[in-house]
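Just final-v9.cif here, mmCIF, C-alpha atoms:
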data_data
#
loop_
_atom_site.label_atom_id
_atom_site.label_comp_id
_atom_site.auth_asym_id
_atom_site.auth_seq_id
_atom_site.Cartn_x
_atom_site.Cartn_y
_atom_site.Cartn_z
CA MET D 6 6.38 8.79 -24.74
CA THR D 7 7.17 5.15 -24.71
CA ALA D 8 3.71 3.74 -24.35
CA PHE D 9 3.50 0.95 -21.86
CA THR D 10 2.16 -2.10 -23.55
CA PRO D 11 1.43 -4.72 -20.95
CA THR D 12 2.32 -8.20 -22.02
CA ILE D 13 0.32 -10.63 -20.01
CA PRO D 14 2.08 -13.94 -19.65
CA ALA D 15 -0.08 -16.89 -20.57
CA THR D 16 0.55 -18.59 -17.27
CA SER D 17 -2.00 -21.01 -16.01
CA VAL D 18 -3.12 -20.65 -12.44
CA SER D 19 -1.96 -23.53 -10.35
CA SER D 20 -4.72 -25.81 -9.24
CA TRP D 21 -3.88 -25.53 -5.56
CA THR D 22 -4.38 -21.78 -5.47
CA GLY D 23 -8.05 -22.03 -6.28
CA PRO D 24 -10.17 -19.41 -7.93
CA VAL D 25 -10.22 -17.10 -4.90
CA ASP D 26 -6.45 -16.48 -4.86
CA ALA D 27 -6.04 -16.39 -8.62
CA PRO D 28 -4.62 -13.05 -9.74
CA THR D 29 -6.95 -11.06 -11.90
CA THR D 30 -5.97 -9.74 -15.28
CA GLN D 31 -5.48 -6.27 -13.86
CA GLU D 32 -3.25 -7.59 -11.08
CA ARG D 33 -1.08 -9.32 -13.63
CA MET D 34 -0.91 -6.14 -15.69
CA LEU D 35 0.03 -4.13 -12.60
CA ASP D 36 2.70 -6.66 -11.73
CA GLN D 37 4.14 -6.48 -15.24
CA PHE D 38 4.05 -2.71 -15.22
CA LEU D 39 5.80 -2.38 -11.87
CA LYS D 40 8.33 -5.00 -12.88
CA GLY D 41 9.05 -2.94 -15.98
CA VAL D 42 9.67 0.35 -14.19
CA GLU D 43 11.09 -0.69 -10.83
CA ARG D 44 14.75 -0.80 -11.85
CA ARG D 45 14.73 2.59 -13.52
CA ALA D 46 12.76 4.00 -10.61
CA LEU D 47 15.37 2.66 -8.23
CA ARG D 48 18.19 4.26 -10.21
CA MET D 49 16.34 7.59 -10.25
CA ALA D 50 15.87 7.43 -6.49
CA GLU D 51 19.46 6.36 -6.03
CA LEU D 52 20.76 9.30 -8.03
CA ALA D 53 18.66 11.59 -5.83
CA THR D 54 19.59 10.07 -2.48
CA MET D 55 22.98 8.52 -3.23
CA ASN D 56 21.91 5.76 -0.90
CA ARG D 57 20.54 2.44 -2.05
CA ASP D 58 18.57 1.60 1.09
CA GLU D 59 16.82 4.95 1.09
CA ALA D 60 16.20 4.60 -2.63
CA LEU D 61 14.60 1.19 -2.10
CA ASP D 62 12.37 2.62 0.62
CA LEU D 63 11.30 5.45 -1.65
CA VAL D 64 10.52 3.11 -4.53
CA GLN D 65 8.49 0.87 -2.23
CA ASP D 66 6.55 3.89 -0.97
CA ALA D 67 5.95 4.95 -4.56
CA MET D 68 4.67 1.48 -5.46
CA PHE D 69 2.28 1.49 -2.51
CA GLY D 70 1.03 4.97 -3.31
CA PHE D 71 0.62 4.20 -6.98
CA VAL D 72 -1.30 0.96 -6.38
CA ARG D 73 -3.49 2.58 -3.71
CA HIS D 74 -4.44 5.66 -5.71
CA TYR D 75 -3.99 4.96 -9.39
CA ALA D 76 -4.32 1.22 -10.02
CA ALA D 77 -7.86 1.68 -11.28
CA LYS D 78 -6.74 4.16 -13.95
CA PRO D 79 -6.26 3.00 -17.55
CA ALA D 80 -2.95 1.25 -18.15
CA GLN D 81 -1.89 3.89 -20.67
CA GLU D 82 -1.79 6.47 -17.85
CA TRP D 83 0.19 4.36 -15.42
CA ALA D 84 3.70 5.47 -16.37
CA PRO D 85 3.29 9.22 -15.75
CA LEU D 86 1.17 8.51 -12.67
CA PHE D 87 3.77 6.18 -11.18
CA TYR D 88 6.52 8.71 -11.78
CA ARG D 89 4.32 11.41 -10.31
CA VAL D 90 4.13 9.42 -7.06
CA LEU D 91 7.87 8.73 -7.14
CA ASP D 92 8.62 12.38 -7.87
CA SER D 93 6.47 13.37 -4.93
CA ARG D 94 8.36 10.97 -2.64
CA LEU D 95 11.69 12.32 -3.89
CA ASN D 96 10.59 15.89 -3.26
CA ASP D 97 9.46 14.98 0.25
CA TRP D 98 12.77 13.24 0.91
CA HIS D 99 14.71 16.25 -0.39
CA ARG D 100 12.65 18.64 1.74
CA ARG D 101 13.13 16.56 4.89
CA ARG D 102 16.86 16.32 4.29
CA THR D 103 17.12 20.08 3.78
CA VAL D 104 15.30 20.79 7.03
CA ARG D 105 17.38 18.21 8.88
CA SER D 106 20.59 19.72 7.51
CA ARG D 107 19.60 23.16 8.73
CA TRP D 108 18.87 21.89 12.24
CA LEU D 109 22.05 19.89 12.32
CA ALA D 110 24.01 22.94 11.19
CA VAL D 111 22.61 24.87 14.15
CA PHE D 112 23.21 22.23 16.82
CA THR D 113 26.43 20.65 15.66
CA ARG D 114 29.93 21.97 15.62
CA THR D 115 31.53 23.18 12.45
CA PRO D 116 33.78 20.70 10.67
CA GLU D 117 36.80 22.85 11.46
CA ASP D 118 36.24 22.25 15.16
CA GLU D 119 36.09 18.53 14.80
CA GLU D 120 38.98 16.17 14.67
CA THR D 121 39.37 14.59 11.29
CA ASP D 122 38.56 10.89 11.32
CA GLU D 123 40.64 9.48 8.50
CA ILE D 124 38.93 6.09 8.62
CA ALA D 125 35.43 7.55 8.48
CA GLN D 126 36.32 9.76 5.56
CA ALA D 127 38.03 7.06 3.53
CA PRO D 128 36.05 5.84 0.52
CA ASP D 129 34.40 2.48 0.78
CA LEU D 130 36.52 0.35 -1.49
CA ALA D 131 33.99 -2.46 -1.42
CA ASP D 132 31.31 -0.26 -2.98
CA PRO D 133 32.60 1.59 -6.03
CA GLY D 134 29.16 3.06 -6.85
CA PRO D 135 26.30 1.85 -8.97
CA LEU D 136 27.58 2.75 -12.39
CA LEU D 137 31.16 1.78 -11.74
CA ARG D 138 29.97 -1.49 -10.36
CA LEU D 139 28.36 -2.40 -13.63
CA ALA D 140 30.37 -0.72 -16.31
CA GLY D 141 33.66 0.02 -14.67
CA THR D 142 34.35 2.85 -17.09
CA GLU D 143 35.35 6.38 -16.47
CA ALA D 144 32.49 7.62 -18.61
CA ALA D 145 29.91 5.77 -16.56
CA ARG D 146 31.35 7.22 -13.38
CA ASP D 147 31.25 10.72 -14.80
CA ILE D 148 27.67 10.30 -15.98
CA ASP D 149 26.66 9.14 -12.53
CA ALA D 150 28.46 12.04 -10.90
CA ALA D 151 27.14 14.62 -13.35
CA LEU D 152 23.56 13.46 -12.88
CA SER D 153 23.93 13.45 -9.11
CA ARG D 154 25.16 17.03 -9.14
CA LEU D 155 22.09 18.30 -10.98
CA PRO D 156 19.30 19.94 -9.01
CA LEU D 157 16.46 17.53 -8.33
CA ARG D 158 13.99 19.06 -10.78
CA GLN D 159 16.50 19.24 -13.60
CA ARG D 160 17.59 15.67 -13.02
CA GLN D 161 14.00 14.43 -12.99
CA ALA D 162 13.20 16.32 -16.17
CA PHE D 163 16.24 14.78 -17.89
CA LEU D 164 15.61 11.25 -16.66
CA LEU D 165 11.89 11.26 -17.43
CA ARG D 166 12.25 12.83 -20.86
CA VAL D 167 15.48 11.32 -22.11
CA TRP D 168 15.76 8.02 -20.28
CA GLU D 169 12.18 7.04 -19.52
CA GLY D 170 10.98 8.53 -22.81
CA LEU D 171 7.93 10.39 -21.53
CA ASP D 172 6.75 13.23 -23.73
CA VAL D 173 6.64 16.81 -22.48
CA ALA D 174 2.99 16.62 -21.39
CA ASP D 175 3.47 13.39 -19.43
CA THR D 176 6.67 14.68 -17.88
CA ALA D 177 4.82 17.82 -16.80
CA SER D 178 2.09 15.62 -15.34
CA ALA D 179 4.62 13.49 -13.50
CA MET D 180 6.46 16.51 -12.13
CA ARG D 181 3.25 18.44 -11.48
CA CYS D 182 4.46 21.53 -13.28
CA SER D 183 3.80 23.26 -16.58
CA GLU D 184 5.19 22.05 -19.87
CA GLY D 185 7.20 25.28 -20.08
CA SER D 186 8.86 24.44 -16.76
CA VAL D 187 9.75 21.00 -18.05
CA LYS D 188 11.42 22.53 -21.09
CA THR D 189 13.32 24.98 -18.90
CA HIS D 190 14.49 22.29 -16.48
CA LEU D 191 15.49 20.02 -19.35
CA SER D 192 17.35 22.76 -21.17
CA ARG D 193 19.37 23.61 -18.08
CA ALA D 194 20.02 19.95 -17.36
CA MET D 195 21.23 19.38 -20.92
CA ALA D 196 23.54 22.38 -20.70
CA SER D 197 25.08 21.17 -17.46
CA LEU D 198 25.43 17.60 -18.65
CA ARG D 199 26.81 18.72 -22.01
CA ARG D 200 29.63 20.54 -20.28
CA ALA D 201 30.35 17.58 -18.07
CA LEU D 202 29.98 14.73 -20.56
CA GLU D 203 30.75 16.07 -24.00
CA ASP D 204 34.38 15.04 -23.78
CA HIS D 205 33.40 11.42 -23.36
CA ALA D 206 31.27 11.28 -26.48
CA MET K 30 29.38 11.19 -43.43
CA SER K 31 29.25 14.59 -41.81
CA THR K 32 30.93 15.32 -38.53
CA PRO K 33 28.59 16.37 -35.71
CA SER K 34 28.65 20.13 -35.76
CA ARG K 35 25.21 21.29 -34.62
CA PRO K 36 24.43 21.25 -30.87
CA ASP K 37 21.72 18.63 -31.42
CA ASP K 38 24.19 16.32 -33.16
CA ARG K 39 26.76 16.77 -30.44
CA ASP K 40 24.08 16.17 -27.81
CA ALA K 41 22.97 13.01 -29.50
CA ALA K 42 26.33 11.38 -28.89
CA TRP K 43 26.63 11.96 -25.18
CA VAL K 44 22.89 11.54 -24.62
CA ALA K 45 23.08 8.12 -26.23
CA GLN K 46 26.05 7.25 -24.09
CA ALA K 47 24.30 8.44 -20.96
CA ARG K 48 21.18 6.50 -21.82
CA SER K 49 23.21 3.39 -22.50
CA ALA K 50 25.07 3.70 -19.20
CA LEU K 51 21.82 4.21 -17.29
CA ASP K 52 20.24 1.21 -19.00
CA GLU K 53 23.23 -0.91 -18.13
CA SER K 54 23.15 0.24 -14.52
CA ALA K 55 19.48 -0.70 -14.26
CA ARG K 56 20.07 -4.07 -15.93
CA SER K 57 22.87 -5.21 -13.71
CA LEU K 58 21.49 -4.60 -10.25
CA ASP K 59 22.65 -7.16 -7.73
CA ALA K 60 20.48 -10.06 -6.61
CA ALA K 61 19.81 -8.68 -3.13
CA THR K 62 18.47 -5.45 -4.57
CA LEU K 63 16.33 -7.28 -7.09
CA SER K 64 14.93 -9.44 -4.29
CA ARG K 65 13.96 -6.37 -2.29
CA LEU K 66 12.33 -4.82 -5.33
CA ASN K 67 10.41 -8.04 -5.85
CA GLN K 68 9.23 -8.04 -2.24
CA ALA K 69 8.22 -4.40 -2.47
CA ARG K 70 6.20 -5.07 -5.60
CA HIS K 71 4.38 -8.02 -4.11
CA ALA K 72 3.65 -6.11 -0.91
CA ALA K 73 2.25 -3.21 -2.90
CA LEU K 74 0.01 -5.52 -4.90
CA ALA K 75 -1.08 -7.46 -1.81
CA GLN K 76 -2.56 -4.35 -0.21
CA ARG K 77 -5.23 -4.36 -2.91
CA LYS K 78 -6.64 -7.61 -1.53
CA SER K 79 -6.85 -6.51 2.10
CA PRO K 80 -9.57 -4.11 3.25
CA PRO K 81 -8.53 -0.55 3.96
CA ARG K 82 -7.06 0.00 7.41
CA TRP K 83 -9.62 2.63 8.28
CA LEU K 84 -12.57 0.33 7.62
CA LEU K 85 -12.55 -1.56 10.95
CA PRO K 86 -12.33 1.50 13.25
CA ALA K 87 -14.91 3.29 11.13
CA GLY K 88 -17.26 0.32 11.37
CA LEU K 89 -16.86 0.11 15.15
CA VAL K 90 -17.51 3.81 15.58
CA SER K 91 -20.60 3.65 13.35
CA ALA K 92 -21.99 0.67 15.26
CA SER K 93 -21.40 2.41 18.61
CA VAL K 94 -23.13 5.57 17.43
CA LEU K 95 -26.07 3.57 16.11
CA LEU K 96 -26.41 1.65 19.37
CA LEU K 97 -26.28 4.85 21.40
CA ALA K 98 -28.89 6.45 19.17
CA VAL K 99 -31.26 3.47 19.57
CA PHE K 100 -30.98 3.46 23.37
CA THR K 101 -31.39 7.22 23.57
CA TRP K 102 -34.45 7.23 21.31
CA HIS K 103 -36.29 4.52 23.18
CA GLY K 104 -35.36 5.80 26.64
CA TYR K 105 -33.49 2.77 27.75
CA ARG K 106 -34.41 1.87 31.38
CA PRO K 107 -33.11 -1.38 32.73
CA ASP K 108 -36.00 -3.18 34.58
CA VAL K 109 -34.92 -5.72 37.15
CA GLY K 110 -38.39 -7.28 37.43
CA SER K 111 -38.84 -7.69 33.73
CA ALA K 112 -37.63 -11.22 33.98
CA GLU K 113 -40.86 -12.23 35.71
CA PHE K 114 -43.94 -13.20 33.70
CA PRO K 115 -46.57 -10.55 33.19
CA LEU K 116 -49.73 -11.01 35.26
CA SER K 117 -51.88 -12.24 32.40
CA ALA K 118 -49.25 -14.64 31.26
CA LYS K 119 -48.80 -15.82 34.82
CA SER K 120 -52.57 -16.41 35.19
CA ALA K 121 -52.81 -18.18 31.90
CA SER K 122 -49.89 -20.31 32.85
CA SER K 123 -51.48 -21.26 36.21
CA SER K 124 -54.83 -22.12 34.62
CA ASP K 125 -53.10 -24.23 32.03
CA ILE K 126 -51.32 -26.18 34.75
CA ASP K 127 -54.61 -26.68 36.62
CA LEU K 128 -56.26 -27.84 33.42
CA VAL K 129 -53.61 -30.44 32.74
CA SER K 130 -53.29 -31.73 36.29
CA SER K 131 -57.06 -31.93 36.95
CA ASP K 132 -58.86 -35.28 37.21
CA ASP K 133 -61.89 -33.88 35.35
CA GLY K 134 -62.34 -35.02 31.78
CA PRO K 135 -62.38 -32.75 28.74
CA GLU K 136 -66.20 -32.94 28.64
CA PHE K 137 -66.35 -31.07 31.94
CA TYR K 138 -64.45 -28.16 30.50
CA GLN K 139 -66.56 -28.13 27.33
CA ASP K 140 -69.72 -27.64 29.50
CA LEU K 141 -68.02 -25.16 31.81
CA GLU K 142 -70.55 -22.41 31.08
CA PHE K 143 -73.42 -24.74 32.04
CA TYR K 144 -71.81 -25.57 35.36
CA ALA K 145 -71.18 -21.87 35.99
CA TRP K 146 -74.89 -21.15 35.35
CA LEU K 147 -75.82 -24.05 37.65
CA ASP K 148 -73.65 -22.66 40.40
CA ALA K 149 -75.29 -19.27 39.97
CA GLN K 150 -78.75 -20.86 40.26
CA ASP K 151 -77.73 -22.71 43.40
CA ALA K 152 -76.39 -19.50 44.89
CA ASP K 153 -79.68 -17.67 44.14
CA GLN K 154 -81.67 -20.46 45.78
CA ASP K 155 -79.43 -20.33 48.82
CA LEU K 156 -79.97 -16.57 49.09
CA GLY K 157 -83.76 -16.97 48.63
CA SER K 158 -84.12 -19.66 51.28
#

So, in terms of structure tokens, how does the structure I just supplied come out?
Amino acid sequence: MTAFTPTIPATSVSSWTGPVDAPTTQERMLDQFLKGVERRALRMAELATMNRDEALDLVQDAMFGFVRHYAAKPAQEWAPLFYRVLDSRLNDWHRRRTVRSRWLAVFTRTPEDEETDEIAQAPDLADPGPLLRLAGTEAARDIDAALSRLPLRQRQAFLLRVWEGLDVADTASAMRCSEGSVKTHLSRAMASLRRALEDHA
Amino acid sequence: MSTPSRPDDRDAAWVAQARSALDESARSLDAATLSRLNQARHAALAQRKSPPRWLLPAGLVSASVLLLAVFTWHGYRPDVGSAEFPLSAKSASSSDIDLVSSDDGPEFYQDLEFYAWLDAQDADQDLGS
């Protein structure tokens, strides 16, 4: 696990703020911590939702939940606890979307019955996708696509273990499952990604 | 230098590439997204300074229950005439006003018992005569 080591900036509190509004040491540590994980959290949420606005909402919910419930915990425990909250939000989002899809499937016509709207189905040329936007490489696009195709639990296991660098125990804590389940999810994720990405390496 | 032959070695290559691509994607988020993340972070931290939302309703309910309990325990009965002075207070108040407005000096009131005895004697003499 990449231990979070808060670096508190030696900023002096402006005189106009006064002692009442001055951020405490813990608030500064929380700010630094959230600043350190927010981008990766957003990318995780974006890979799950494939929608930036929804991903931002989920990350904001996760920040609120984390600060409300776990801010008083020791800083060393913050990373797995934050990802536990985010993982919970992602699971809720996935569950809601599944239920909504089932209801929509019942009450809406099948695609074969509908007239094809060529304009609606055309790709948005102004938004080439998060990874293409930054790297512009075929490999980055394939990585993005391969990760998006993974089941939620496998993707979370891969991202938390390989990208975020949590150890097995912390990943299990974040995903609220056993360490054996983490290993299983990770193994399957690695196998899927290996097939999809090995050619690029 | 050996070529990557074991699965772990082969994994290391694409895993490193995937990690690098993910890092790059997180680094180069656009300004609007970063601004929204910043706002979200500040909003999350600001909630620590405000009291919990449930505190005000809970306080109001507790105060209402306490007030109801006090009135029930003491048998609250609104008394319209309670605004008037009690009898003793009213008497005391009247005698005080008489005392202040009287022309008699303070010596008269100091010997009030003597004058009361004198009146009693006069009354006995009147009855005897």

Which residues, named as in the file, does the PyMOL selection byres ((chain K) within 10 of (chain D)) pick out? Answer as a PDB file with C-alpha atoms, in the frame of the given file.
ATOM      1  CA  PRO K  36      24.430  21.250 -30.870  1.00  0.00           C
ATOM      2  CA  ARG K  39      26.760  16.770 -30.440  1.00  0.00           C
ATOM      3  CA  ASP K  40      24.080  16.170 -27.810  1.00  0.00           C
ATOM      4  CA  ALA K  41      22.970  13.010 -29.500  1.00  0.00           C
ATOM      5  CA  ALA K  42      26.330  11.380 -28.890  1.00  0.00           C
ATOM      6  CA  TRP K  43      26.630  11.960 -25.180  1.00  0.00           C
ATOM      7  CA  VAL K  44      22.890  11.540 -24.620  1.00  0.00           C
ATOM      8  CA  ALA K  45      23.080   8.120 -26.230  1.00  0.00           C
ATOM      9  CA  GLN K  46      26.050   7.250 -24.090  1.00  0.00           C
ATOM     10  CA  ALA K  47      24.300   8.440 -20.960  1.00  0.00           C
ATOM     11  CA  ARG K  48      21.180   6.500 -21.820  1.00  0.00           C
ATOM     12  CA  SER K  49      23.210   3.390 -22.500  1.00  0.00           C
ATOM     13  CA  ALA K  50      25.070   3.700 -19.200  1.00  0.00           C
ATOM     14  CA  LEU K  51      21.820   4.210 -17.290  1.00  0.00           C
ATOM     15  CA  ASP K  52      20.240   1.210 -19.000  1.00  0.00           C
ATOM     16  CA  GLU K  53      23.230  -0.910 -18.130  1.00  0.00           C
ATOM     17  CA  SER K  54      23.150   0.240 -14.520  1.00  0.00           C
ATOM     18  CA  ALA K  55      19.480  -0.700 -14.260  1.00  0.00           C
ATOM     19  CA  ARG K  56      20.070  -4.070 -15.930  1.00  0.00           C
ATOM     20  CA  SER K  57      22.870  -5.210 -13.710  1.00  0.00           C
ATOM     21  CA  LEU K  58      21.490  -4.600 -10.250  1.00  0.00           C
ATOM     22  CA  ASP K  59      22.650  -7.160  -7.730  1.00  0.00           C
ATOM     23  CA  THR K  62      18.470  -5.450  -4.570  1.00  0.00           C
ATOM     24  CA  LEU K  63      16.330  -7.280  -7.090  1.00  0.00           C
ATOM     25  CA  ARG K  65      13.960  -6.370  -2.290  1.00  0.00           C
ATOM     26  CA  LEU K  66      12.330  -4.820  -5.330  1.00  0.00           C
ATOM     27  CA  ASN K  67      10.410  -8.040  -5.850  1.00  0.00           C
ATOM     28  CA  GLN K  68       9.230  -8.040  -2.240  1.00  0.00           C
ATOM     29  CA  ALA K  69       8.220  -4.400  -2.470  1.00  0.00           C
ATOM     30  CA  ARG K  70       6.200  -5.070  -5.600  1.00  0.00           C
ATOM     31  CA  HIS K  71       4.380  -8.020  -4.110  1.00  0.00           C
ATOM     32  CA  ALA K  72       3.650  -6.110  -0.910  1.00  0.00           C
ATOM     33  CA  ALA K  73       2.250  -3.210  -2.900  1.00  0.00           C
ATOM     34  CA  LEU K  74       0.010  -5.520  -4.900  1.00  0.00           C
ATOM     35  CA  ALA K  75      -1.080  -7.460  -1.810  1.00  0.00           C
ATOM     36  CA  GLN K  76      -2.560  -4.350  -0.210  1.00  0.00           C
ATOM     37  CA  ARG K  77      -5.230  -4.360  -2.910  1.00  0.00           C
ATOM     38  CA  LYS K  78      -6.640  -7.610  -1.530  1.00  0.00           C
ATOM     39  CA  PRO K  81      -8.530  -0.550   3.960  1.00  0.00           C
TER      40      PRO K  81
END

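Coordinates place atom CA of Leu91 of chain D at a distance of 12.7 Å from atom CA of Glu59 of chain D.
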
Would you mind listing what lies within 7 Å of His190 of chain D as a list in words, with all atoms listed in the file counted and same-chain residues fewer than 5 positions away left out? Arg158, Gln159 and Ala162 of chain D

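Atom CA of Leu157 of chain D is positioned 13.1 Å from atom CA of Ser197 of chain D.
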
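Of note, atom CA of Met34 of chain D and atom CA of Ser178 of chain D are spaced 22.0 Å apart.
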
* To do: Please write as a PyMOL selection string the full residue list that the PyMOL selection byres ((chain D and resi 175) around 12) yields on this file.
  => chain D and resi 6-8+81-89+162+165-166+169-174+176-184+187

What are the centre and the three edge lengths of an axis-aligned box that wraps all atoms of segment 54-62 of chain K in the file, given that 6 Å is added to every side, written as JSON and rounded to one decimal in Å?
{"center_x": 20.8, "center_y": -4.9, "center_z": -9.5, "size_x": 16.7, "size_y": 22.3, "size_z": 24.8}

Restore N, CA, C and O atoms in segment 73-84 of chain D and list the result as a compact mmCIF listing (two decimals), in the coordinates of the input.
# COMPACT_ATOMS: atom_id res chain seq x y z
N ARG D 73 -2.34 2.14 -4.52
CA ARG D 73 -3.49 2.58 -3.71
C ARG D 73 -4.34 3.60 -4.45
O ARG D 73 -5.56 3.56 -4.40
N HIS D 74 -3.69 4.52 -5.15
CA HIS D 74 -4.44 5.66 -5.71
C HIS D 74 -4.73 5.55 -7.20
O HIS D 74 -5.71 6.11 -7.66
N TYR D 75 -3.86 4.87 -7.94
CA TYR D 75 -3.99 4.96 -9.39
C TYR D 75 -4.15 3.63 -10.10
O TYR D 75 -4.18 3.59 -11.33
N ALA D 76 -4.25 2.54 -9.37
CA ALA D 76 -4.32 1.22 -10.02
C ALA D 76 -5.56 1.09 -10.89
O ALA D 76 -5.57 0.35 -11.88
N ALA D 77 -6.61 1.80 -10.52
CA ALA D 77 -7.86 1.68 -11.28
C ALA D 77 -7.85 2.51 -12.57
O ALA D 77 -8.76 2.39 -13.38
N LYS D 78 -6.82 3.33 -12.73
CA LYS D 78 -6.74 4.16 -13.95
C LYS D 78 -6.38 3.28 -15.16
O LYS D 78 -5.84 2.19 -15.00
N PRO D 79 -6.66 3.77 -16.36
CA PRO D 79 -6.26 3.00 -17.55
C PRO D 79 -4.76 2.78 -17.60
O PRO D 79 -3.98 3.64 -17.18
N ALA D 80 -4.37 1.63 -18.13
CA ALA D 80 -2.95 1.25 -18.15
C ALA D 80 -2.09 2.25 -18.91
O ALA D 80 -0.91 2.42 -18.60
N GLN D 81 -2.66 2.93 -19.88
CA GLN D 81 -1.89 3.89 -20.67
C GLN D 81 -1.43 5.07 -19.81
O GLN D 81 -0.46 5.76 -20.14
N GLU D 82 -2.13 5.32 -18.70
CA GLU D 82 -1.79 6.47 -17.85
C GLU D 82 -0.87 6.08 -16.70
O GLU D 82 -0.47 6.94 -15.91
N TRP D 83 -0.55 4.80 -16.60
CA TRP D 83 0.19 4.36 -15.42
C TRP D 83 1.59 4.96 -15.32
O TRP D 83 2.01 5.34 -14.23
N ALA D 84 2.30 5.02 -16.43
CA ALA D 84 3.70 5.47 -16.37
C ALA D 84 3.82 6.88 -15.78
O ALA D 84 4.54 7.07 -14.79
